[in-house]
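J.: There's a structure below that I have some questions on.
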Amino acid sequence: MSSNLGLPAAHDFNATWTFLEGGLDQIMNRLEEGLDRTRYSILYSAVHNFCARGSPPQNTGAGGFTSPLNHRAATHLIGAELYNSLSNWLEDHLTKIRTESEKYMDEALLQYYTKQWIRYTTAARVVNNIFMYLNRYWVKREIDEDRKNDVYDVFTLTLVCWKRHMFQFVHHNVIAAVLKLIERERNGETIETSLVKSIVESFVSLGLDTSDANKSNLDVYRESFETPFINATEVYYTTESEKFISENSIPDYMKKADIRLGEEENRVQMYLHESTHKPLISKCETVLVKNHTEAIWEGFQNLIDLDKQDDLHRMYALLARIPEGLDPLRVRFETHVRKAGLGAIERIAQQETVDPKTYVDALLEVHRKYNDLVQTAFSGESGFVAALDKACGEFVNRNQVCKNNASKSSPELLARYCDSLLKKSAKNPEESELEDVMNSIMTVFKYVEDKDVFQKFYSRMLAKRLVNSTSASDDAEGSMISKLKEACGFEYTSKLQRMLTDMSLSKELNDSFKERVQQSYEPNNGADFNILVLAANQWPFSAPTTSFNLPEDVIKTYDRFQKFYQNKHSGRKLTWLFQFCKAELRTHYSKASKSGYTFQVSAYQMGVLLQYNNGTSYTFDELQKSTGLNQDVLQSAIGILVKAKVLLLGEGQKLGEANSRYDLNFDFKSKKIRINLNLQMKTEQKVETDETHKTIEEDRKYLMQAAIVRIMKTRKVMKHVALIEEVITQLQSRFKPRVPDIKKCIDILLEKEFIERVEGQKDMYSYVA
């Protein structure tokens, strides 16, 4: 018996189910033939009518609505038969599919499984819509009242049935087939990746959250696919990597490992679930890299010796993937750079005299080479940067040149290189190039431990450049001081900056003096006069070690300036540094030149030569008496004049002897018109260098004592070892204090009673207020 449109009677379950079975068969097995809207509506109505037949009469209240309570009570009694019959039908349907699947193996099985899965899930969505009324009332009520009950919405039911009646029986064979397919792809074959993707997606879809139909999880995917897949991957790559590394070089193995890791990255993107990325890549890194770290580490030295940057970068990238993989490389890299630096300087140390430029260039060449390597091959990684810095610190401060000659240390040679660079010369670089060279100098300076040594030598050389007007450029001098200030702070360069300021002030002072002389209407004696007034505590100069009688020719100018300066700055005392004064003397006595020569001389040489305006021959004693110079200074001044043949030493006589005679050479001849006689003797240079080192040692004692007092004043009480460590920490930015020197300073302060030993504790000091 049926109603309109071929619908079964609402109260006849058998007729209703028979009618729905026909629809289910069409949807599940022949959906591709099509399902028209009318057929779909009839099937939906059949479900609706059957479930709703127990509804009470349509009594309505004032609002015209039926009672939802009675409605839900009726649907509760009816939906179970329909739900159970659907569940049984799906079981029978899936049993047939499963039985059919037993005919297939490997890739054919995957093709069949994928096809059936896509057909089944597509049809399941249609079935879910047809049974929507059941979902909305009966299923919802069952789930709300008893969450433990084995009831799901219809679409979830179709997935549960697939999992129970299809997946549980065939998944072992399906997984095995998928793993075989992936292995074939790893072996270089082209496979149908969409097959694997579909299988993976089906496994993900079966991860059902039974407590909430709207949620899913990855339990099925992980347990049934991911775990066996990761295990198979480990076996495959363990076998391959062990065989490959035993038959090939390390660079070839790294290329292979790199390619394999890239392939696995792509595999995740192509057909695996994104959650597999971490465990898969982690496992590959362990098998391909971590298990072979010893062999890879051993290959590092050969690659760096041959400068194989691409291979080194590949090694870095691989080992960076594993914890502590780069540590041995950093140690080996540091050792290699240190040896390279020491080797480069050792070759220079074999030369008789070490040229500062050659020395600094050698240091820079090693740093530049390995800094480029760190940036390219090691991607500027901080650990390798630190290793480079440590190695450079070693070969800059403790190399063969430093060991061979204690006075020729890196800071001194660096200061001398700066001096040659900033001094007027035909070889001076262009302005843009000079800036690059100064930046390179700062690179070496960064590694210099004894920055106080550099400061002292640089200060002396800057002072000489300024006093002798040999600076190539004021801008360059200022730029270099700015760079040093940036590296070491204001205090480090304050005196250097003050020197430049004094030069500017002296220029203004000279202009004022010349103006004053012109206004005084006093006749000029023909001497052109220029003066530098320098702050005593800012310049590295000390008072002359000898007396000096100024020649009559310059006394008048000397007295005028003294008077002028005292009027301008009363209370200030001028100390004349004659050892740094220089003069130019015009000559007209030489037979070889009608126009005469111009001698560039020191003040002391001027004092000697001006005596020859009154006579042509003098003994050493006579010259000493008239100039007032002590024996050593006079001997040095005359020595250069004799060597240049301006004066002739009596035959058979020895320079500097009391009665040795010095005659003016009227036959003096030179190709140059201007002749520089103001030259420093090698012995003078050595004395000056020794004095500088002595000053450095003295300054260090005071710095260490000041640091100890400062620390003790803050801490009040401190242990011996802790005090020494703190002193080293505070002073290491300027120099590296030696422990025996610190101990001596502690003893000095104990004697001076700045600190005292704590009674009963030998290794404990306390501050004496």
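Identifiers in the structure tokens: chain A, B, ... in order shown; residue index from 1 per chain; ligand index from 1 in order shown.
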Neighbours of Thr95 in chain A within 8 Å (only C-alpha atoms; same-chain residues fewer than 4 positions away dropped), as JSON, numbers by chain?

T.: {"A": [91, 99, 165, 166]}

J.: Would you pick out the contacts of range 528-537 of chain A at 7 Å or less, using only C-alpha atoms, so that residues sharing its chain but fewer than 4 positions from it are not included, and give the list as a list in words?

T.: Asp502, Ser506 and Asn510 of chain A

J.: Just to be explicit: take each residue in the selection above, keep C-alpha atoms, and write the result as a CSV table (one decimal), in the first residue's frame.

T.:
chain,number,residue,atom,x,y,z
A,502,ASP,CA,96.0,73.0,20.2
A,506,SER,CA,98.4,78.0,17.8
A,510,ASN,CA,100.7,83.1,15.4

J.: Which of range 344-583 of chain A end up as helix (DSSP H, G or I) when DSSP is run on this backbone - answer as a ChimeraX atom specification?

T.: /A:344-349,356-376,382-397,400-404,410-422,431-447,451-467,474-488,490-519,552-568,578-580

J.: Identify, on the basis of only C-alpha atoms, every residue whose closest approach to Ser660 in chain A does not exceed 7 Å; exclude the query and any residue fewer than 5 positions from it along the same chain; express the result as an MDAnalysis selection string.

T.: chainID A and resid 619:620 650 653:655

J.: Just the number, please: distance in Å from CA of Leu363 in chain A to CA of Ala320 in chain A, one decimal.

T.: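 Interatomic distance here is 29.5 Å.
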
J.: Would you please work out which residue, of A:Glu100, A:Glu142, A:Glu691, A:Glu584, is nearest to Asn678 in chain A when using only C-alpha atoms?

T.: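 For Asn678 in chain A, the nearest of the given residues is A:Glu584.
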
J.: I'd like to know which of A:Tyr83, A:Phe50, A:Tyr253, A:Phe668 is closest to Ala10 in chain A, using only C-alpha atoms.

T.: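 Once distances to Ala10 in chain A are computed over only C-alpha atoms, the minimum belongs to A:Phe50.
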
J.: Counting only C-alpha atoms, figure out which residue out of A:Gln111, A:Gln631, A:Ser249, A:Ser45 gets nearest to Tyr133 in chain A.

T.: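 Using only C-alpha atoms, the shortest distance to Tyr133 in chain A belongs to A:Ser45.
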
J.: Counting only C-alpha atoms, what is within 12 Å of Asn231 in chain A, bar same-chain residues fewer than 6 positions away, as a list in words?

T.: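 Contacts, with the query itself left out: Leu179, Glu223, Ser224, Phe225, Tyr237, Thr238, Pro279, Leu280, Lys283, Cys284 and Val287 of chain A.
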
J.: Enter the distance from CA of Cys392 in chain A to CA of Tyr447 in chain A, in Å, rounded to one decimal.

T.: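 According to the coordinates, CA of Cys392 in chain A and CA of Tyr447 in chain A are separated by 6.6 Å.
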
J.: I'd like the contact shell of Leu414 in chain A - 12 Å cut-off, only C-alpha atoms, skipping same-chain residues fewer than 4 positions apart - returned as a ChimeraX atom specification.

T.: /A:354-364,396-397,408-410,418-421,438,440-448,450-451,453-458,461

J.: Find the residues near Val151 in chain A: any atom within 8 Å, counting only C-alpha atoms, skip ones fewer than 2 places away on the same chain, and give them as a PDB file with C-alpha atoms, in the first residue's frame.

T.:
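The file below, result-v7.pdb, is the result:
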ATOM      1  CA  VAL A 139      20.262  11.162  16.478  1.00  0.00           C
ATOM      2  CA  GLU A 142      20.323  10.014  21.467  1.00  0.00           C
ATOM      3  CA  ILE A 143      23.630  11.804  21.589  1.00  0.00           C
ATOM      4  CA  ASN A 149      25.692   5.214  23.102  1.00  0.00           C
ATOM      5  CA  ASP A 153      25.130  11.475  12.656  1.00  0.00           C
ATOM      6  CA  LEU A 157      28.159   6.561  10.681  1.00  0.00           C
TER       7      LEU A 157
END

J.: Measure the distance from CA of Gln562 in chain A to CA of Val608 in chain A in Å and round it to one decimal.

T.: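 Interatomic distance here is 23.5 Å.
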
J.: Find, counting only C-alpha atoms, the residue in A:Asn291, A:Ser473, A:Ser87, A:Ser595 that gets nearest to Ser241 in chain A.

T.: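 Once distances to Ser241 in chain A are computed over only C-alpha atoms, the minimum belongs to A:Asn291.
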